[in-house]
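One file, model22.cif, carrying mmCIF, C-alpha atoms:
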```cif
data_input
#
loop_
_atom_site.label_atom_id
_atom_site.label_comp_id
_atom_site.auth_asym_id
_atom_site.auth_seq_id
_atom_site.Cartn_x
_atom_site.Cartn_y
_atom_site.Cartn_z
CA MET A 1 -9.73 49.08 5.84
CA ASN A 2 -12.29 48.37 3.17
CA VAL A 3 -12.00 45.10 1.31
CA THR A 4 -13.81 44.54 -1.96
CA MET A 5 -14.04 41.22 -3.73
CA THR A 6 -16.34 39.10 -5.82
CA LEU A 7 -18.01 36.75 -3.35
CA ASN A 8 -20.02 33.83 -4.67
CA GLY A 9 -20.27 35.60 -8.00
CA ARG A 10 -21.54 38.92 -6.58
CA PRO A 11 -19.78 42.16 -5.66
CA PHE A 12 -18.98 42.23 -1.95
CA SER A 13 -17.41 44.89 0.19
CA ALA A 14 -16.80 45.15 3.94
CA GLU A 15 -15.19 47.46 6.48
CA THR A 16 -12.83 45.40 8.64
CA PRO A 17 -9.68 45.78 10.75
CA SER A 18 -6.59 45.49 8.55
CA GLU A 19 -5.29 42.41 10.36
CA SER A 20 -8.57 40.51 9.75
CA LEU A 21 -8.45 37.03 8.40
CA LEU A 22 -10.76 36.07 5.57
CA VAL A 23 -12.67 33.58 7.73
CA ASP A 24 -13.66 36.37 10.14
CA VAL A 25 -14.84 38.72 7.41
CA LEU A 26 -16.95 35.94 5.90
CA ARG A 27 -18.51 34.81 9.17
CA LEU A 28 -19.21 38.32 10.46
CA ASN A 29 -21.06 39.04 7.22
CA GLY A 30 -23.35 36.05 7.45
CA PHE A 31 -21.34 33.45 5.54
CA THR A 32 -21.20 31.12 8.52
CA GLY A 33 -20.87 27.96 6.45
CA THR A 34 -17.13 28.54 6.64
CA LYS A 35 -15.93 27.27 10.05
CA GLU A 36 -12.78 28.04 11.97
CA GLY A 37 -11.51 24.74 13.34
CA CYS A 38 -7.82 24.58 14.20
CA GLY A 39 -7.01 28.17 13.28
CA VAL A 40 -3.59 27.19 11.94
CA GLY A 41 -4.33 25.97 8.40
CA VAL A 42 -4.25 22.28 9.22
CA CYS A 43 -7.82 20.98 9.65
CA GLY A 44 -9.57 22.24 6.50
CA ALA A 45 -12.87 23.35 8.07
CA CYS A 46 -12.30 26.93 6.85
CA THR A 47 -11.59 26.04 3.21
CA VAL A 48 -12.82 28.53 0.62
CA LEU A 49 -11.89 29.04 -3.03
CA VAL A 50 -9.86 32.07 -4.07
CA ASN A 51 -9.40 32.31 -7.85
CA ASP A 52 -10.34 28.64 -8.19
CA VAL A 53 -7.79 27.28 -5.72
CA PRO A 54 -8.59 26.11 -2.19
CA VAL A 55 -7.36 28.39 0.57
CA ALA A 56 -7.29 28.07 4.37
CA SER A 57 -9.26 31.22 5.19
CA CYS A 58 -8.09 31.08 8.83
CA ILE A 59 -4.51 31.93 7.79
CA TYR A 60 -5.39 34.06 4.76
CA LEU A 61 -5.33 37.80 5.34
CA ALA A 62 -8.59 39.37 4.22
CA ALA A 63 -6.55 42.14 2.59
CA LEU A 64 -5.10 39.60 0.15
CA ALA A 65 -8.63 38.92 -1.13
CA GLU A 66 -8.93 42.47 -2.45
CA GLY A 67 -10.18 42.25 -6.03
CA GLN A 68 -10.16 38.43 -6.00
CA ASP A 69 -12.85 35.89 -6.87
CA VAL A 70 -13.90 34.18 -3.63
CA TRP A 71 -16.38 31.30 -3.26
CA THR A 72 -17.70 29.78 -0.06
CA VAL A 73 -19.67 26.61 0.56
CA GLU A 74 -22.91 28.62 0.26
CA GLY A 75 -22.10 29.79 -3.26
CA LEU A 76 -20.59 26.55 -4.53
CA THR A 77 -23.49 24.36 -3.42
CA ALA A 78 -25.96 26.80 -4.98
CA LYS A 79 -23.95 26.82 -8.21
CA ASP A 80 -23.47 23.05 -8.48
CA SER A 81 -26.28 20.96 -6.97
CA ALA A 82 -24.40 17.71 -7.66
CA LEU A 83 -21.99 18.71 -4.89
CA LEU A 84 -24.46 18.47 -2.00
CA ASP A 85 -26.36 15.64 -3.66
CA ALA A 86 -23.21 13.50 -3.60
CA PHE A 87 -22.56 14.15 0.12
CA VAL A 88 -26.22 13.47 0.96
CA GLU A 89 -26.41 10.32 -1.14
CA LYS A 90 -23.22 8.85 0.34
CA GLU A 91 -23.81 10.30 3.81
CA GLY A 92 -20.42 11.99 3.71
CA MET A 93 -20.85 13.60 7.12
CA GLN A 94 -21.27 12.69 10.77
CA CYS A 95 -21.22 15.59 13.26
CA GLY A 96 -20.97 18.04 10.36
CA ILE A 97 -18.36 20.55 11.53
CA CYS A 98 -15.83 19.55 8.86
CA THR A 99 -18.46 19.12 6.13
CA PRO A 100 -18.36 22.61 4.57
CA GLY A 101 -14.59 22.30 4.17
CA GLN A 102 -14.92 18.80 2.72
CA VAL A 103 -17.51 20.06 0.24
CA VAL A 104 -15.38 23.03 -0.88
CA SER A 105 -12.31 20.79 -1.23
CA ALA A 106 -14.33 18.31 -3.31
CA TYR A 107 -15.29 21.16 -5.62
CA ALA A 108 -11.64 22.31 -5.78
CA LEU A 109 -10.53 18.81 -6.73
CA GLY A 110 -13.18 18.85 -9.45
CA ILE A 111 -11.39 21.88 -10.91
CA GLU A 112 -7.82 20.66 -10.43
CA ASN A 113 -8.19 17.00 -11.32
CA PRO A 114 -11.76 15.94 -12.20
CA LYS A 115 -10.58 12.46 -13.21
CA ALA A 116 -8.78 11.87 -9.91
CA ASN A 117 -8.40 8.21 -8.99
CA GLU A 118 -8.89 6.80 -5.50
CA GLU A 119 -5.34 7.56 -4.40
CA GLU A 120 -5.43 11.09 -5.82
CA ILE A 121 -8.74 11.77 -4.06
CA ARG A 122 -7.30 10.61 -0.75
CA GLU A 123 -4.10 12.60 -1.29
CA PHE A 124 -5.99 15.80 -2.15
CA MET A 125 -8.49 15.42 0.70
CA ALA A 126 -5.78 14.42 3.21
CA GLY A 127 -5.69 17.83 4.86
CA ASN A 128 -9.45 17.94 5.48
CA LEU A 129 -9.67 16.32 8.86
CA CYS A 130 -12.79 14.54 10.13
CA ARG A 131 -12.52 13.85 13.84
CA CYS A 132 -15.52 11.50 13.63
CA THR A 133 -13.17 9.59 11.26
CA GLY A 134 -15.88 9.22 8.63
CA TYR A 135 -13.38 9.16 5.80
CA VAL A 136 -14.83 6.22 3.87
CA THR A 137 -18.15 7.92 3.14
CA ILE A 138 -16.47 11.28 2.57
CA THR A 139 -14.21 9.71 -0.05
CA GLU A 140 -17.25 8.00 -1.61
CA SER A 141 -19.03 11.36 -1.72
CA VAL A 142 -16.09 12.98 -3.48
CA ARG A 143 -15.89 10.10 -5.96
CA THR A 144 -19.63 10.36 -6.63
CA TYR A 145 -19.34 14.12 -7.14
CA LEU A 146 -16.44 13.77 -9.59
CA ALA A 147 -18.34 11.08 -11.51
CA SER A 148 -21.23 13.54 -11.94
CA LYS A 149 -19.02 16.00 -13.81
CA MET B 1 -1.68 48.48 10.91
CA LEU B 2 -1.55 49.89 7.38
CA ILE B 3 -1.86 47.84 4.22
CA SER B 4 -0.09 48.71 0.98
CA THR B 5 -0.91 47.00 -2.29
CA PRO B 6 1.73 48.05 -4.82
CA THR B 7 1.60 46.84 -8.41
CA THR B 8 5.25 47.37 -9.37
CA ILE B 9 8.53 46.32 -7.76
CA GLY B 10 9.56 49.98 -7.58
CA ASP B 11 6.45 50.93 -5.61
CA ALA B 12 6.85 47.86 -3.39
CA LEU B 13 10.40 48.96 -2.52
CA VAL B 14 9.17 52.43 -1.58
CA GLU B 15 6.49 50.92 0.65
CA ILE B 16 8.77 48.46 2.45
CA SER B 17 11.22 51.21 3.33
CA ASN B 18 8.64 52.44 5.87
CA GLU B 19 9.35 51.72 9.54
CA ASN B 20 8.39 48.33 10.99
CA THR B 21 7.06 47.02 7.70
CA LEU B 22 6.78 43.47 6.42
CA ALA B 23 6.33 42.21 2.87
CA VAL B 24 3.68 39.53 2.41
CA GLY B 25 3.78 36.82 -0.25
CA GLY B 26 1.02 34.33 0.54
CA GLY B 27 1.03 35.33 4.20
CA THR B 28 0.51 31.81 5.55
CA SER B 29 3.30 32.25 8.10
CA ILE B 30 2.74 35.95 8.68
CA ALA B 31 -0.98 35.42 9.40
CA LEU B 32 -0.06 32.87 12.08
CA MET B 33 2.57 35.14 13.61
CA LEU B 34 0.12 38.06 13.66
CA LYS B 35 -2.50 35.87 15.28
CA ASN B 36 -0.08 34.82 18.00
CA ARG B 37 1.17 38.39 18.46
CA LEU B 38 4.70 37.25 17.64
CA ILE B 39 4.94 40.25 15.32
CA GLU B 40 3.23 43.64 15.46
CA PRO B 41 4.12 45.42 12.23
CA ASP B 42 2.91 48.94 11.50
CA ARG B 43 2.44 48.10 7.85
CA LEU B 44 2.07 45.11 5.56
CA VAL B 45 3.05 45.35 1.91
CA LEU B 46 1.08 42.79 -0.07
CA LEU B 47 2.98 41.48 -3.08
CA ASN B 48 0.18 39.50 -4.70
CA GLN B 49 -0.67 42.32 -7.12
CA VAL B 50 2.87 42.75 -8.47
CA PRO B 51 2.99 40.84 -11.78
CA ALA B 52 6.78 41.27 -12.16
CA LEU B 53 7.31 39.10 -9.06
CA SER B 54 5.44 36.10 -10.48
CA GLY B 55 6.07 33.52 -13.17
CA ILE B 56 8.36 30.63 -13.97
CA GLU B 57 10.47 30.68 -17.14
CA GLU B 58 13.76 29.81 -18.77
CA ARG B 59 16.00 32.80 -18.22
CA ASP B 60 18.43 31.21 -20.70
CA ALA B 61 19.37 27.69 -21.75
CA GLN B 62 21.11 27.06 -18.40
CA THR B 63 18.86 28.89 -15.94
CA VAL B 64 15.32 28.69 -14.66
CA ARG B 65 13.84 31.84 -13.11
CA ILE B 66 11.17 31.49 -10.44
CA GLY B 67 9.42 34.69 -9.41
CA ALA B 68 9.20 35.26 -5.66
CA THR B 69 5.41 35.10 -5.51
CA THR B 70 5.23 31.80 -7.39
CA THR B 71 3.07 29.50 -5.28
CA LEU B 72 4.05 25.97 -4.35
CA LEU B 73 1.03 24.80 -6.35
CA GLN B 74 2.44 26.53 -9.43
CA LEU B 75 5.80 24.81 -8.82
CA MET B 76 4.01 21.46 -8.64
CA HIS B 77 2.22 21.96 -11.93
CA SER B 78 4.84 23.86 -13.96
CA PRO B 79 5.85 21.77 -17.02
CA LEU B 80 9.27 23.48 -16.98
CA ILE B 81 9.94 22.67 -13.30
CA ASN B 82 8.64 19.12 -13.76
CA SER B 83 11.01 18.48 -16.64
CA ALA B 84 14.09 20.49 -15.61
CA LEU B 85 13.95 20.38 -11.78
CA PRO B 86 11.51 17.61 -10.84
CA VAL B 87 12.80 17.44 -7.27
CA LEU B 88 11.44 20.94 -6.71
CA SER B 89 7.94 19.94 -7.89
CA PHE B 90 8.12 16.89 -5.68
CA ALA B 91 9.21 18.86 -2.60
CA ALA B 92 6.47 21.45 -3.21
CA SER B 93 3.90 18.67 -3.37
CA ARG B 94 4.93 17.48 0.11
CA VAL B 95 4.48 20.82 1.89
CA GLY B 96 1.45 21.19 4.17
CA ASN B 97 -1.81 20.57 2.35
CA PRO B 98 -3.46 21.82 -0.88
CA ARG B 99 -4.80 24.95 0.87
CA VAL B 100 -1.35 25.97 2.04
CA ARG B 101 0.37 25.07 -1.25
CA SER B 102 -2.04 27.19 -3.26
CA VAL B 103 -1.09 30.29 -1.25
CA ALA B 104 2.45 29.84 0.16
CA THR B 105 5.18 31.25 -2.09
CA VAL B 106 8.75 30.37 -3.00
CA GLY B 107 10.00 33.79 -1.92
CA GLY B 108 8.18 33.43 1.37
CA ALA B 109 9.67 29.98 1.96
CA ILE B 110 13.20 31.37 1.79
CA ILE B 111 12.74 34.79 3.40
CA HIS B 112 10.82 33.29 6.34
CA GLY B 113 13.98 31.36 7.20
CA ASP B 114 12.32 28.60 9.18
CA PRO B 115 14.87 25.76 9.14
CA ARG B 116 12.15 23.11 9.13
CA GLN B 117 10.74 24.07 5.76
CA ASP B 118 11.18 21.86 2.71
CA ILE B 119 11.91 24.27 -0.12
CA PRO B 120 15.14 25.81 1.31
CA PRO B 121 17.22 22.61 1.42
CA VAL B 122 16.03 21.61 -2.06
CA LEU B 123 16.98 24.99 -3.53
CA LEU B 124 20.33 24.84 -1.70
CA SER B 125 21.08 21.42 -3.21
CA LEU B 126 20.23 22.78 -6.67
CA GLY B 127 22.71 25.65 -6.28
CA ALA B 128 20.02 28.35 -6.46
CA THR B 129 20.61 32.09 -6.19
CA ALA B 130 18.32 34.65 -4.57
CA HIS B 131 17.90 37.98 -6.34
CA ILE B 132 17.44 40.82 -3.92
CA ALA B 133 16.23 44.31 -4.79
CA GLY B 134 16.43 47.44 -2.68
CA ARG B 135 16.14 51.14 -3.40
CA ALA B 136 19.93 51.25 -3.67
CA GLY B 137 19.95 48.58 -6.38
CA GLU B 138 19.90 44.87 -6.97
CA ARG B 139 22.21 42.07 -5.94
CA ASP B 140 22.49 38.34 -6.27
CA VAL B 141 23.15 36.20 -3.23
CA PRO B 142 23.83 32.48 -3.61
CA LEU B 143 21.37 30.67 -1.37
CA ALA B 144 24.37 29.09 0.37
CA GLU B 145 25.08 32.57 1.79
CA PHE B 146 21.47 33.66 2.18
CA PHE B 147 20.42 31.91 5.39
CA ILE B 148 22.36 33.50 8.21
CA GLY B 149 20.39 32.45 11.30
CA PHE B 150 17.02 31.35 12.64
CA MET B 151 14.51 33.39 10.62
CA GLU B 152 17.33 35.67 9.54
CA SER B 153 18.52 36.17 6.00
CA ALA B 154 20.96 38.24 3.98
CA ALA B 155 18.07 40.40 2.72
CA GLY B 156 17.78 43.69 4.59
CA GLU B 157 14.56 45.00 6.11
CA ASP B 158 14.04 47.39 3.22
CA GLU B 159 14.89 44.84 0.54
CA LEU B 160 12.77 42.32 -1.35
CA VAL B 161 13.59 38.90 -2.71
CA THR B 162 12.31 39.31 -6.26
CA GLU B 163 13.19 35.94 -7.74
CA VAL B 164 15.20 32.77 -7.40
CA THR B 165 17.27 31.41 -10.25
CA VAL B 166 18.22 27.77 -10.46
CA PRO B 167 20.84 26.31 -12.80
CA LYS B 168 19.72 23.53 -15.13
CA ILE B 169 22.37 20.85 -15.06
CA ALA B 170 22.29 18.08 -17.65
CA GLY B 171 22.30 14.60 -16.16
CA GLN B 172 21.86 15.88 -12.62
CA ARG B 173 20.47 13.28 -10.22
CA THR B 174 18.34 14.67 -7.44
CA HIS B 175 16.26 13.50 -4.56
CA TYR B 176 14.59 14.98 -1.50
CA THR B 177 13.81 12.94 1.59
CA ARG B 178 11.37 14.33 4.09
CA PHE B 179 11.59 12.16 7.18
CA THR B 180 8.51 12.53 9.37
CA PRO B 181 8.27 9.73 11.93
CA GLY B 182 4.99 11.14 13.25
CA SER B 183 2.30 12.43 10.91
CA ASP B 184 3.11 12.77 7.21
CA ASP B 185 2.07 16.42 7.24
CA ASP B 186 4.23 17.34 10.22
CA TYR B 187 7.39 19.40 9.73
CA PRO B 188 10.22 17.02 8.91
CA THR B 189 12.46 15.74 11.69
CA VAL B 190 15.10 15.99 9.03
CA GLY B 191 14.93 17.00 5.37
CA ILE B 192 17.73 15.88 3.07
CA ALA B 193 18.18 17.17 -0.46
CA VAL B 194 20.86 15.72 -2.72
CA ALA B 195 21.88 16.82 -6.20
CA MET B 196 24.77 15.10 -7.96
CA THR B 197 26.26 14.44 -11.36
CA LEU B 198 28.35 11.41 -12.28
CA ALA B 199 31.26 11.22 -14.71
CA ASP B 200 31.31 8.55 -17.43
CA ASP B 201 33.53 6.32 -15.30
CA GLY B 202 30.94 6.30 -12.50
CA SER B 203 32.83 8.65 -10.22
CA VAL B 204 31.05 11.63 -8.70
CA LYS B 205 31.68 14.81 -10.67
CA ASP B 206 29.74 17.16 -8.45
CA ALA B 207 27.52 16.77 -5.39
CA ARG B 208 25.59 18.96 -2.99
CA ILE B 209 23.89 17.72 0.16
CA ALA B 210 21.55 20.11 1.97
CA LEU B 211 19.97 19.51 5.36
CA GLY B 212 16.80 20.98 6.83
CA GLY B 213 15.46 20.83 10.39
CA VAL B 214 18.78 20.10 12.09
CA ASP B 215 20.28 23.53 12.71
CA SER B 216 19.12 27.14 13.04
CA THR B 217 19.01 27.34 9.23
CA ALA B 218 18.91 24.94 6.31
CA PHE B 219 22.51 24.46 5.21
CA LEU B 220 24.85 22.68 2.82
CA ALA B 221 26.84 19.81 4.29
CA THR B 222 29.83 20.77 2.17
CA GLU B 223 32.38 18.56 3.89
CA ALA B 224 30.20 15.49 3.49
CA ALA B 225 29.61 16.28 -0.19
CA SER B 226 33.30 16.90 -0.83
CA LEU B 227 34.10 13.32 0.24
CA LEU B 228 32.15 12.14 -2.78
CA ILE B 229 33.68 14.34 -5.44
CA GLY B 230 36.13 12.55 -7.73
CA ASN B 231 35.40 9.21 -6.14
CA ARG B 232 33.35 6.16 -6.98
CA PRO B 233 30.56 5.88 -4.44
CA THR B 234 31.22 2.60 -2.64
CA ASP B 235 29.23 1.50 0.42
CA GLU B 236 32.17 2.52 2.63
CA LEU B 237 32.33 5.96 1.07
CA ILE B 238 28.59 6.49 1.44
CA ALA B 239 28.80 5.44 5.09
CA ALA B 240 31.55 8.03 5.61
CA VAL B 241 29.43 10.70 3.90
CA GLY B 242 26.45 9.89 6.16
CA GLU B 243 28.66 10.11 9.20
CA SER B 244 30.15 13.41 8.08
CA ALA B 245 26.68 14.87 7.37
CA ALA B 246 25.55 13.82 10.85
CA LYS B 247 28.58 15.54 12.35
CA SER B 248 27.81 18.76 10.51
CA ALA B 249 24.28 18.88 11.93
CA ASN B 250 23.56 20.87 15.05
CA PRO B 251 20.04 19.75 16.00
CA SER B 252 18.13 20.58 19.15
CA ASP B 253 15.77 18.44 21.23
CA ASP B 254 12.11 18.98 20.48
CA GLN B 255 8.91 17.03 19.85
CA ARG B 256 10.34 15.78 16.53
CA GLY B 257 13.18 13.98 18.22
CA SER B 258 16.14 14.29 20.53
CA GLU B 259 19.39 15.81 19.41
CA ARG B 260 20.97 12.34 19.25
CA TYR B 261 18.08 10.82 17.34
CA LYS B 262 18.06 13.58 14.75
CA ARG B 263 21.79 13.23 14.22
CA ALA B 264 21.37 9.48 13.74
CA MET B 265 18.56 10.12 11.27
CA VAL B 266 20.76 12.51 9.26
CA ASP B 267 23.29 9.70 8.95
CA VAL B 268 20.72 7.07 7.91
CA TRP B 269 18.71 9.23 5.51
CA THR B 270 21.74 10.84 3.89
CA ARG B 271 22.97 7.35 2.98
CA ARG B 272 19.54 6.30 1.74
CA THR B 273 19.00 9.50 -0.24
CA LEU B 274 22.40 9.10 -1.89
CA ALA B 275 21.54 5.48 -2.74
CA ILE B 276 18.33 6.63 -4.44
CA CYS B 277 20.25 9.21 -6.48
CA LEU B 278 22.89 6.67 -7.49
CA LYS B 279 20.25 4.18 -8.61
CA GLY B 280 19.05 6.96 -10.93
#
```
Spell out the structure here as structure tokens.
Amino acid sequence: MNVTMTLNGRPFSAETPSESLLVDVLRLNGFTGTKEGCGVGVCGACTVLVNDVPVASCIYLAALAEGQDVWTVEGLTAKDSALLDAFVEKEGMQCGICTPGQVVSAYALGIENPKANEEEIREFMAGNLCRCTGYVTITESVRTYLASK
Amino acid sequence: MLISTPTTIGDALVEISNENTLAVGGGTSIALMLKNRLIEPDRLVLLNQVPALSGIEERDAQTVRIGATTTLLQLMHSPLINSALPVLSFAASRVGNPRVRSVATVGGAIIHGDPRQDIPPVLLSLGATAHIAGRAGERDVPLAEFFIGFMESAAGEDELVTEVTVPKIAGQRTHYTRFTPGSDDDYPTVGIAVAMTLADDGSVKDARIALGGVDSTAFLATEAASLLIGNRPTDELIAAVGESAAKSANPSDDQRGSERYKRAMVDVWTRRTLAICLKG
């Protein structure tokens, strides 16, 4: 099938098997910032935005993205420099595999609840797992990003 | 595998009448089943472009209509659901994580028929009705008659759940307990949804207790609830209701607990959930 969407603000179209998941279409077309971690929608490494809400692209059929507005970590960090700045300043990463998902979720929280308090940040970010357990600096990064808005 | 993207309910019904075809709401469960080769459909009918299947509104003064493709995130943030049926917003907020809630749908939660899910027992306790459309016409099925077995429902293969309606009941007390002894984002070992109204004299006018995770479907513990009706809820009565609910459960051993443990937890958490409702 052919799937056409707006990707990071630009028209995007790809030929892909109909059972493809969004994460595969993105990665095979060079958007390798999006990682597949658990593959079952639990770990958050594959988080992308679809129509301004965070989506687990590893359990999201690419066909559902037809005509939708999709943003990956590449597009969001280019659009909003405060996002990466906050993670760099607070060192909100260790090994880095979960970082793109953390960054996209931080952006999504900025849309859904930009005035989120500590508890709301933790609640929203709860499904973005960091197996290095670097949650303190990740939470600080998110707080710093929200404060920049 | 073919993909259909209808934009009207009529077209969607034509598409799903094809052989070996599945309708897709948010697809969070279907994507996993496809990945694991648990299903091999010839066609998927995507419902995310059918506006008539979405939306939350007051059907009339007594009824809230929730379109089948309403996401759990929309349930969480709907002012109408938050004011009229807050237990439904709460339950939606406890499912999975933000990335699942922004995609998973109400229609999907009931048609999937996984007994461990949170939305089915809550809708059962609220006395909800599923509206089913097929090419032959439409019909309403009370949710109490909708779940007929593990991942099996009253909706036929060539039918769609188009919406769920939920009665608004003045003074209704509700609560949902999601007991997860392991990780908070695990499926519940037992989910208990209670909805009840009290008469002026403090006796129970009406009560529904729904259980999730402890049988092949979510179900109403009708016998347990009937013990309450017409009576003042004393500690003894609540103990009897917990015991009756536990008896009505038919759990199986798995990583979320043994059969005996789950039954004991139905007893404990039914009593505690009732106590929360009674406190108001």
**Residues near Arg178 (chain B), cut-off 12 Å, all atoms listed in the file, skip fewer than 5 positions along chain, as number ranges by chain** = B: 87, 90-95, 116-119, 121-122, 183-194, 210-213, 265-266, 269-270, 272-273
Would you save the residues of that selection, restricted to C-alpha atoms, as an mmCIF file, keeping the file's coordinate frame?
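Result file out.cif:
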```cif
data_model
loop_
_atom_site.group_PDB
_atom_site.id
_atom_site.type_symbol
_atom_site.label_atom_id
_atom_site.label_comp_id
_atom_site.auth_asym_id
_atom_site.auth_seq_id
_atom_site.Cartn_x
_atom_site.Cartn_y
_atom_site.Cartn_z
ATOM 1 C CA VAL B 87 12.800 17.440 -7.270
ATOM 2 C CA PHE B 90 8.120 16.890 -5.680
ATOM 3 C CA ALA B 91 9.210 18.860 -2.600
ATOM 4 C CA ALA B 92 6.470 21.450 -3.210
ATOM 5 C CA SER B 93 3.900 18.670 -3.370
ATOM 6 C CA ARG B 94 4.930 17.480 0.110
ATOM 7 C CA VAL B 95 4.480 20.820 1.890
ATOM 8 C CA ARG B 116 12.150 23.110 9.130
ATOM 9 C CA GLN B 117 10.740 24.070 5.760
ATOM 10 C CA ASP B 118 11.180 21.860 2.710
ATOM 11 C CA ILE B 119 11.910 24.270 -0.120
ATOM 12 C CA PRO B 121 17.220 22.610 1.420
ATOM 13 C CA VAL B 122 16.030 21.610 -2.060
ATOM 14 C CA SER B 183 2.300 12.430 10.910
ATOM 15 C CA ASP B 184 3.110 12.770 7.210
ATOM 16 C CA ASP B 185 2.070 16.420 7.240
ATOM 17 C CA ASP B 186 4.230 17.340 10.220
ATOM 18 C CA TYR B 187 7.390 19.400 9.730
ATOM 19 C CA PRO B 188 10.220 17.020 8.910
ATOM 20 C CA THR B 189 12.460 15.740 11.690
ATOM 21 C CA VAL B 190 15.100 15.990 9.030
ATOM 22 C CA GLY B 191 14.930 17.000 5.370
ATOM 23 C CA ILE B 192 17.730 15.880 3.070
ATOM 24 C CA ALA B 193 18.180 17.170 -0.460
ATOM 25 C CA VAL B 194 20.860 15.720 -2.720
ATOM 26 C CA ALA B 210 21.550 20.110 1.970
ATOM 27 C CA LEU B 211 19.970 19.510 5.360
ATOM 28 C CA GLY B 212 16.800 20.980 6.830
ATOM 29 C CA GLY B 213 15.460 20.830 10.390
ATOM 30 C CA MET B 265 18.560 10.120 11.270
ATOM 31 C CA VAL B 266 20.760 12.510 9.260
ATOM 32 C CA TRP B 269 18.710 9.230 5.510
ATOM 33 C CA THR B 270 21.740 10.840 3.890
ATOM 34 C CA ARG B 272 19.540 6.300 1.740
ATOM 35 C CA THR B 273 19.000 9.500 -0.240
#
```
**Asked** What residues come out when you apply the PyMOL selection byres ((chain B) within 7 of (chain A)) to this file, written as a PyMOL selection string?
**Response** chain B and resi 1-3+27-28+31-32+46+97-100+102-103
Go ahead and save the picked residues with C-alpha atoms, as a compact mmCIF listing (two decimals), in the frame of the given file.
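Final file, out39.txt:
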```
# COMPACT_ATOMS: atom_id res chain seq x y z
CA MET B 1 -1.68 48.48 10.91
CA LEU B 2 -1.55 49.89 7.38
CA ILE B 3 -1.86 47.84 4.22
CA GLY B 27 1.03 35.33 4.20
CA THR B 28 0.51 31.81 5.55
CA ALA B 31 -0.98 35.42 9.40
CA LEU B 32 -0.06 32.87 12.08
CA LEU B 46 1.08 42.79 -0.07
CA ASN B 97 -1.81 20.57 2.35
CA PRO B 98 -3.46 21.82 -0.88
CA ARG B 99 -4.80 24.95 0.87
CA VAL B 100 -1.35 25.97 2.04
CA SER B 102 -2.04 27.19 -3.26
CA VAL B 103 -1.09 30.29 -1.25
```
**Request:** Please evaluate the PyMOL selection byres ((chain B and resi 233) around 9) against the displayed coordinates and give the resulting residues as JSON, numbers by chain.
**Result:** {"B": [202, 203, 204, 228, 231, 232, 234, 235, 236, 237, 238, 278]}
**Prompt:** For the file shown, what are the residues hit by the PyMOL selection byres ((chain A and resi 116) around 12), laid out as a list in words?
**Reply:** Ala106, Ala108, Leu109, Gly110, Ile111, Glu112, Asn113, Pro114, Lys115, Asn117, Glu118, Glu119, Glu120, Ile121, Arg122, Glu123, Phe124, Met125, Thr139, Val142, Arg143, Thr144, Tyr145, Leu146, Ala147 and Lys149 of chain A
**Prompt:** Neighbours of Gly134 (chain B) within 8 Å (all atoms listed in the file; same-chain residues fewer than 6 positions away dropped), as a PyMOL selection string?
**Reply:** chain B and resi 13+158-160
**Spatial neighbours of Gln74 (chain B), max dist 10 Å, only C-alpha atoms, sep filter under 5 positions, as a ChimeraX atom specification** = /B:55-56,69,79,81,89,92,101-103,105-106
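Of note, CA of Ile111 (chain B) and CA of Ala224 (chain B) are spaced 26.0 Å apart.
Atom pair CA of Thr174 (chain B) / CA of Ser54 (chain B) has a distance of 25.2 Å (rounded to one decimal).
Between CA of Pro11 (chain A) and CA of Thr8 (chain B) the interatomic distance comes to 25.8 Å.
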**Message:** Which residues are near Cys132 (chain A)? Cut-off 10 Å, all atoms listed in the file, ignore same chain within fewer than 3 positions. Put them as a PyMOL selection string.
**Reply:** chain A and resi 93-98+129+135
**Item:** Who sits within 10 Å of Ser4 (chain B), all atoms listed in the file, same chain under 6 positions skipped, as JSON, numbers by chain
**Value:** {"A": [63], "B": [11, 12, 15, 16, 21, 23, 43, 44, 45, 46, 47]}
Prev. selection, C-alpha atoms, output as a short mmCIF file (atom, residue, chain, number, x, y, z; two decimals), in the frame of the given file:
```cif
data_model
loop_
_atom_site.label_atom_id
_atom_site.label_comp_id
_atom_site.auth_asym_id
_atom_site.auth_seq_id
_atom_site.Cartn_x
_atom_site.Cartn_y
_atom_site.Cartn_z
CA ALA A 63 -6.55 42.14 2.59
CA ASP B 11 6.45 50.93 -5.61
CA ALA B 12 6.85 47.86 -3.39
CA GLU B 15 6.49 50.92 0.65
CA ILE B 16 8.77 48.46 2.45
CA THR B 21 7.06 47.02 7.70
CA ALA B 23 6.33 42.21 2.87
CA ARG B 43 2.44 48.10 7.85
CA LEU B 44 2.07 45.11 5.56
CA VAL B 45 3.05 45.35 1.91
CA LEU B 46 1.08 42.79 -0.07
CA LEU B 47 2.98 41.48 -3.08
#
```
